[in-house]
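**Student:** Can you read through this structure? Questions will come right after.
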Amino acid sequence: MPPAVVLVTGVSRWLGGALAAELARDRAVERVIGVDTVPPSPEVLRRLGRTEFVRADIRNPLIGKVIATASVDTVVHMNISSTPAGSGGRGPMKELNVIGTMQLLAACQRAASVRRFVLKSSSAVYGASSRDPAVFTEAMQARRVPSGGFARDSLDIEGYVRSFARRRPDVGVAALRFTNFIGPRIDSVLTHFLRMPLVPTALGYDARVQLLHEDDALAVLTRATTGDFAGTVNVGGEGTLLLSQVIRRLGRLQVPLPSPALGSLGRVTHRFGYVDYSPEQMRFLNFGRVVDTTVLREEFGYTPRYTTEQALADYASTLTPVIPPEVVAGVTTRAQDLVARVGSAAGAVGERLWPAPPTPGLRAVRDA
Amino acid sequence: MPEARVIPLRPDDDEPRVPPPSSASWEEQVAGGLEFLRRRLTGDYDTDEFGFDADLTDHVLLPLLRPLFSRWFRVETHGVENVPDTGGGLVVANHSGTVPLDAMMATVALHDDHPAQRRLRLLGADLVFDLPVIGSLSRKLGSTLACNEDAERLLTGGELVGVFPEGFKGIGKPFRERYTLQRFGRGGFVSAALRTGAPIIPCAIVGAEETYPMIGNAKTLARLLGLPYFPVTPTFPALGPLGLVPLPSKWLIAFGEPIETASYGPAAAEDPMLVFNLTDQVRETIQQSLYELLLQRRSVFS
């Protein structure tokens, strides 16, 4: 049974807006209510269609009134910030993530109309360390529990959502653990990071990166909202790349720096709101993280259309490379031609100087 | 008197004589190198979920190890027919020599001397992956963290997994204890094999013990550096960097007959007695095979 009234939080961000727009296009859905603290940009607003926008803060009990009066039956919680830069510092970010989620869940618990809750979580809950298994399944937990930042927030949020699910067993709860998003339109930590022409990385480390294309992210969210999957699922594209490989494929220049230097660089860039090198982000850039997506394909019933490689290629098409691959290919082809010509010239000279010994045989006898 | 046999000198006389194909000419090698450089610069190669970089391994790391394998240690490989051509398998070997050269040489042996050019996916200690450069290089060479999740994932994927159950106890043991196997961990490798039904292939490596004979252990220094041991060999640290050159001992690597585990079923991994017995069986086999190889070897350096 498709949902009648859907409430989407965080609708002013790209993914939230895209989901609301997608749901608004679906005639089976009666009403779509988008909630955010900031109004969506005119461009997002145009796409939202018949979505009703409510400017509300989920940290405020007012959200309960919105849910009750509209008798919302499906809540999609996406108002989770992954960078302090996006929400005005680590303090407000934590408040939005943790207190916001608690308020929203409190409101949902009171509202009898709610029968489905979808959480946009992150694979950051698995942490990132050298002691991790290479591939995480949903049943595994972080070997080193993240101590702060977005990963800690995600863990707390999942914890609250689990207790909500216990208290309201009649509500179907789906927690989607997304890997890093990438794509031409989406804004994420990684897209910011990779847009820099010179990409600083930690010297001596190379992370394994698994990406998810924005279209697949949208499709999974839509399916989770309208479907009836309950439980936790990892969402990521097929295959992985190394961070160094990602940087090379995008034609960026990798600048490996010793980790302490990277930390102080992070504080400088962070001050300018540019790129976040928080300790947690650093650990991810050192070790990376890969998740197993068997549950996604077999139980949830969705196979991402883009592999990690294809998703990256699609993102690369929007970027002007610093070192274009065609140039590299041109140079190496020319060098190869040159080597081949030198080789044949040297061979000819060699032939002239030291002629090959006459082939032994019976030809003379036969000719006679 | 038997008739003299007519040996055709050049049976196909009208065909132009083709010189025997030499190994790739220098131009081809340079061209291959340039193509490799292009792939590396543009990121046009594949890596797997464990971080294994086959392109780098085949074109840089293995060629670097090969001279050490064939010239320096003159490794002789025995019993490669015991290693299956396809499908998963768990190669269990003794660990020695202060520096894990034995792991590298076993990798080269299985790649170069096995008809199916099998890749050995090594399981390494936590410490390896904590270290910068070494950690990321090990992943690129195909290693991953020694944990049951990774071992089982590799074995289910049909990979050949290499494990050294002695761990640091084996590789960091004093020279006077050479070729005596240490305790075999907690038998985690056996339960991984049982759960996936992969055969266990015991492997004995002779020669690694003499590469860096450890006559002392600077324990305080090791604790300061956060290492499990700090080796003192006759040449290191006395001769400085020269002490890092391994002694050219003669190596023998022997793969024993596979121990089949599939018939026990995956549930057998929960039976500690069976796991202990299998662990002991593997350990005994390797120890026996080590003694046999030592008898075969004429002297340490020839």
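Residues in the structure tokens are numbered from 1 in each chain, the chains being A, B, ... in the order shown, and ligands are numbered from 1 in the order shown.
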Can you work out which residues from chain A touch chain B at a cut-off of 8 Å (counting only C-alpha atoms) and hand them back as JSON, numbers by chain?

**Tutor:** {"A": [130, 131, 132, 133, 134, 135, 203, 204, 205, 206, 208, 239, 240, 241, 242, 244, 245, 246, 247, 248, 249, 250, 251, 290, 325, 328, 329, 332, 335, 336, 339, 340, 343, 359, 361, 362, 363]}

**Student:** Excluding same-chain residues fewer than 2 positions from Val29 (chain A), what lies within 7 Å of it counting only C-alpha atoms, as number ranges by chain?

**Tutor:** A: 2-5, 23, 26-27, 31

**Student:** Which parts of region 118-236 of chain A does DSSP call strand (DSSP E or B) when run on the backbone here, written out as a PyMOL selection string?

**Tutor:** chain A and resi 118-122+135-136+172-178+180-182+198-202+208-209+211-213+231-235

**Student:** Excluding same-chain residues fewer than 2 positions from Leu274 (chain B), what lies within 12 Å of it counting only C-alpha atoms, as a list in words?

**Tutor:**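 Near neighbours after the sequence-gap exclusion: Gly187, Val190, Ser191, Leu194, Thr261, Tyr264, Gly265, Ala267, Ala268, Ala269, Glu270, Asp271, Pro272, Phe276, Asn277, Leu278, Thr279, Asp280 and Gln281 of chain B.
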
**Student:** Generate the output file for the selected residues, N, CA and C atoms, as a JSON list (two decimals), in the first residue's frame.

**Tutor:**
[["chain", "number", "residue", "atom", "x", "y", "z"],
["B", 187, "GLY", "N", 43.81, -21.21, 16.54],
["B", 187, "GLY", "CA", 43.16, -22.09, 15.56],
["B", 187, "GLY", "C", 42.10, -21.40, 14.73],
["B", 190, "VAL", "N", 41.74, -22.65, 11.16],
["B", 190, "VAL", "CA", 41.03, -23.91, 10.94],
["B", 190, "VAL", "C", 39.53, -23.68, 10.88],
["B", 191, "SER", "N", 39.03, -22.84, 11.77],
["B", 191, "SER", "CA", 37.57, -22.62, 11.75],
["B", 191, "SER", "C", 37.17, -21.89, 10.47],
["B", 194, "LEU", "N", 37.02, -24.58, 7.89],
["B", 194, "LEU", "CA", 35.86, -25.45, 8.10],
["B", 194, "LEU", "C", 34.58, -24.76, 7.65],
["B", 261, "THR", "N", 38.61, -30.37, 4.29],
["B", 261, "THR", "CA", 37.77, -29.97, 5.43],
["B", 261, "THR", "C", 36.29, -29.97, 5.10],
["B", 264, "TYR", "N", 33.56, -32.24, 6.87],
["B", 264, "TYR", "CA", 33.11, -32.00, 8.25],
["B", 264, "TYR", "C", 31.86, -31.12, 8.30],
["B", 265, "GLY", "N", 31.67, -30.31, 7.25],
["B", 265, "GLY", "CA", 30.52, -29.40, 7.24],
["B", 265, "GLY", "C", 30.82, -28.13, 8.01],
["B", 267, "ALA", "N", 29.24, -26.58, 10.27],
["B", 267, "ALA", "CA", 28.91, -26.57, 11.70],
["B", 267, "ALA", "C", 30.08, -27.04, 12.55],
["B", 268, "ALA", "N", 31.01, -27.79, 11.93],
["B", 268, "ALA", "CA", 32.15, -28.33, 12.67],
["B", 268, "ALA", "C", 33.04, -27.24, 13.23],
["B", 269, "ALA", "N", 32.94, -26.03, 12.66],
["B", 269, "ALA", "CA", 33.75, -24.92, 13.16],
["B", 269, "ALA", "C", 33.42, -24.60, 14.61],
["B", 270, "GLU", "N", 32.24, -25.05, 15.06],
["B", 270, "GLU", "CA", 31.81, -24.78, 16.44],
["B", 270, "GLU", "C", 32.26, -25.88, 17.40],
["B", 271, "ASP", "N", 32.98, -26.86, 16.88],
["B", 271, "ASP", "CA", 33.44, -27.97, 17.72],
["B", 271, "ASP", "C", 34.90, -27.75, 18.07],
["B", 272, "PRO", "N", 35.19, -27.21, 19.27],
["B", 272, "PRO", "CA", 36.57, -26.84, 19.59],
["B", 272, "PRO", "C", 37.53, -28.02, 19.56],
["B", 276, "PHE", "N", 40.95, -28.03, 17.49],
["B", 276, "PHE", "CA", 42.27, -28.24, 18.11],
["B", 276, "PHE", "C", 43.01, -29.39, 17.43],
["B", 277, "ASN", "N", 42.28, -30.47, 17.17],
["B", 277, "ASN", "CA", 42.92, -31.64, 16.56],
["B", 277, "ASN", "C", 43.46, -31.31, 15.18],
["B", 278, "LEU", "N", 42.64, -30.59, 14.39],
["B", 278, "LEU", "CA", 43.09, -30.23, 13.04],
["B", 278, "LEU", "C", 44.29, -29.29, 13.12],
["B", 279, "THR", "N", 44.24, -28.33, 14.06],
["B", 279, "THR", "CA", 45.37, -27.41, 14.23],
["B", 279, "THR", "C", 46.64, -28.19, 14.52],
["B", 280, "ASP", "N", 46.52, -29.17, 15.44],
["B", 280, "ASP", "CA", 47.69, -29.97, 15.78],
["B", 280, "ASP", "C", 48.20, -30.78, 14.59],
["B", 281, "GLN", "N", 47.23, -31.30, 13.83],
["B", 281, "GLN", "CA", 47.60, -32.11, 12.66],
["B", 281, "GLN", "C", 48.40, -31.26, 11.66]]

**Student:** Enumerate the residues of region 35-144 of chain B with a DSSP assignment of alpha helix (DSSP H), computed from the backbone, and present them as an MDAnalysis selection string.

**Tutor:** chainID B and resid 35:42 54:56 62:67 101:112 126:130 134:140

**Student:** Which residues come within 7 Å of Pro266 (chain B), counting only C-alpha atoms, excluding same-chain residues fewer than 4 positions away, as a ChimeraX atom specification?

**Tutor:** /B:194-197

**Student:** Out of B:Cys203, B:Met214, B:Ala106, B:Leu247, which residue has the shortest atom-to-atom distance to Ala93 (chain B) when counting only C-alpha atoms?

**Tutor:**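 Closest to Ala93 (chain B) of all the choices is B:Cys203.
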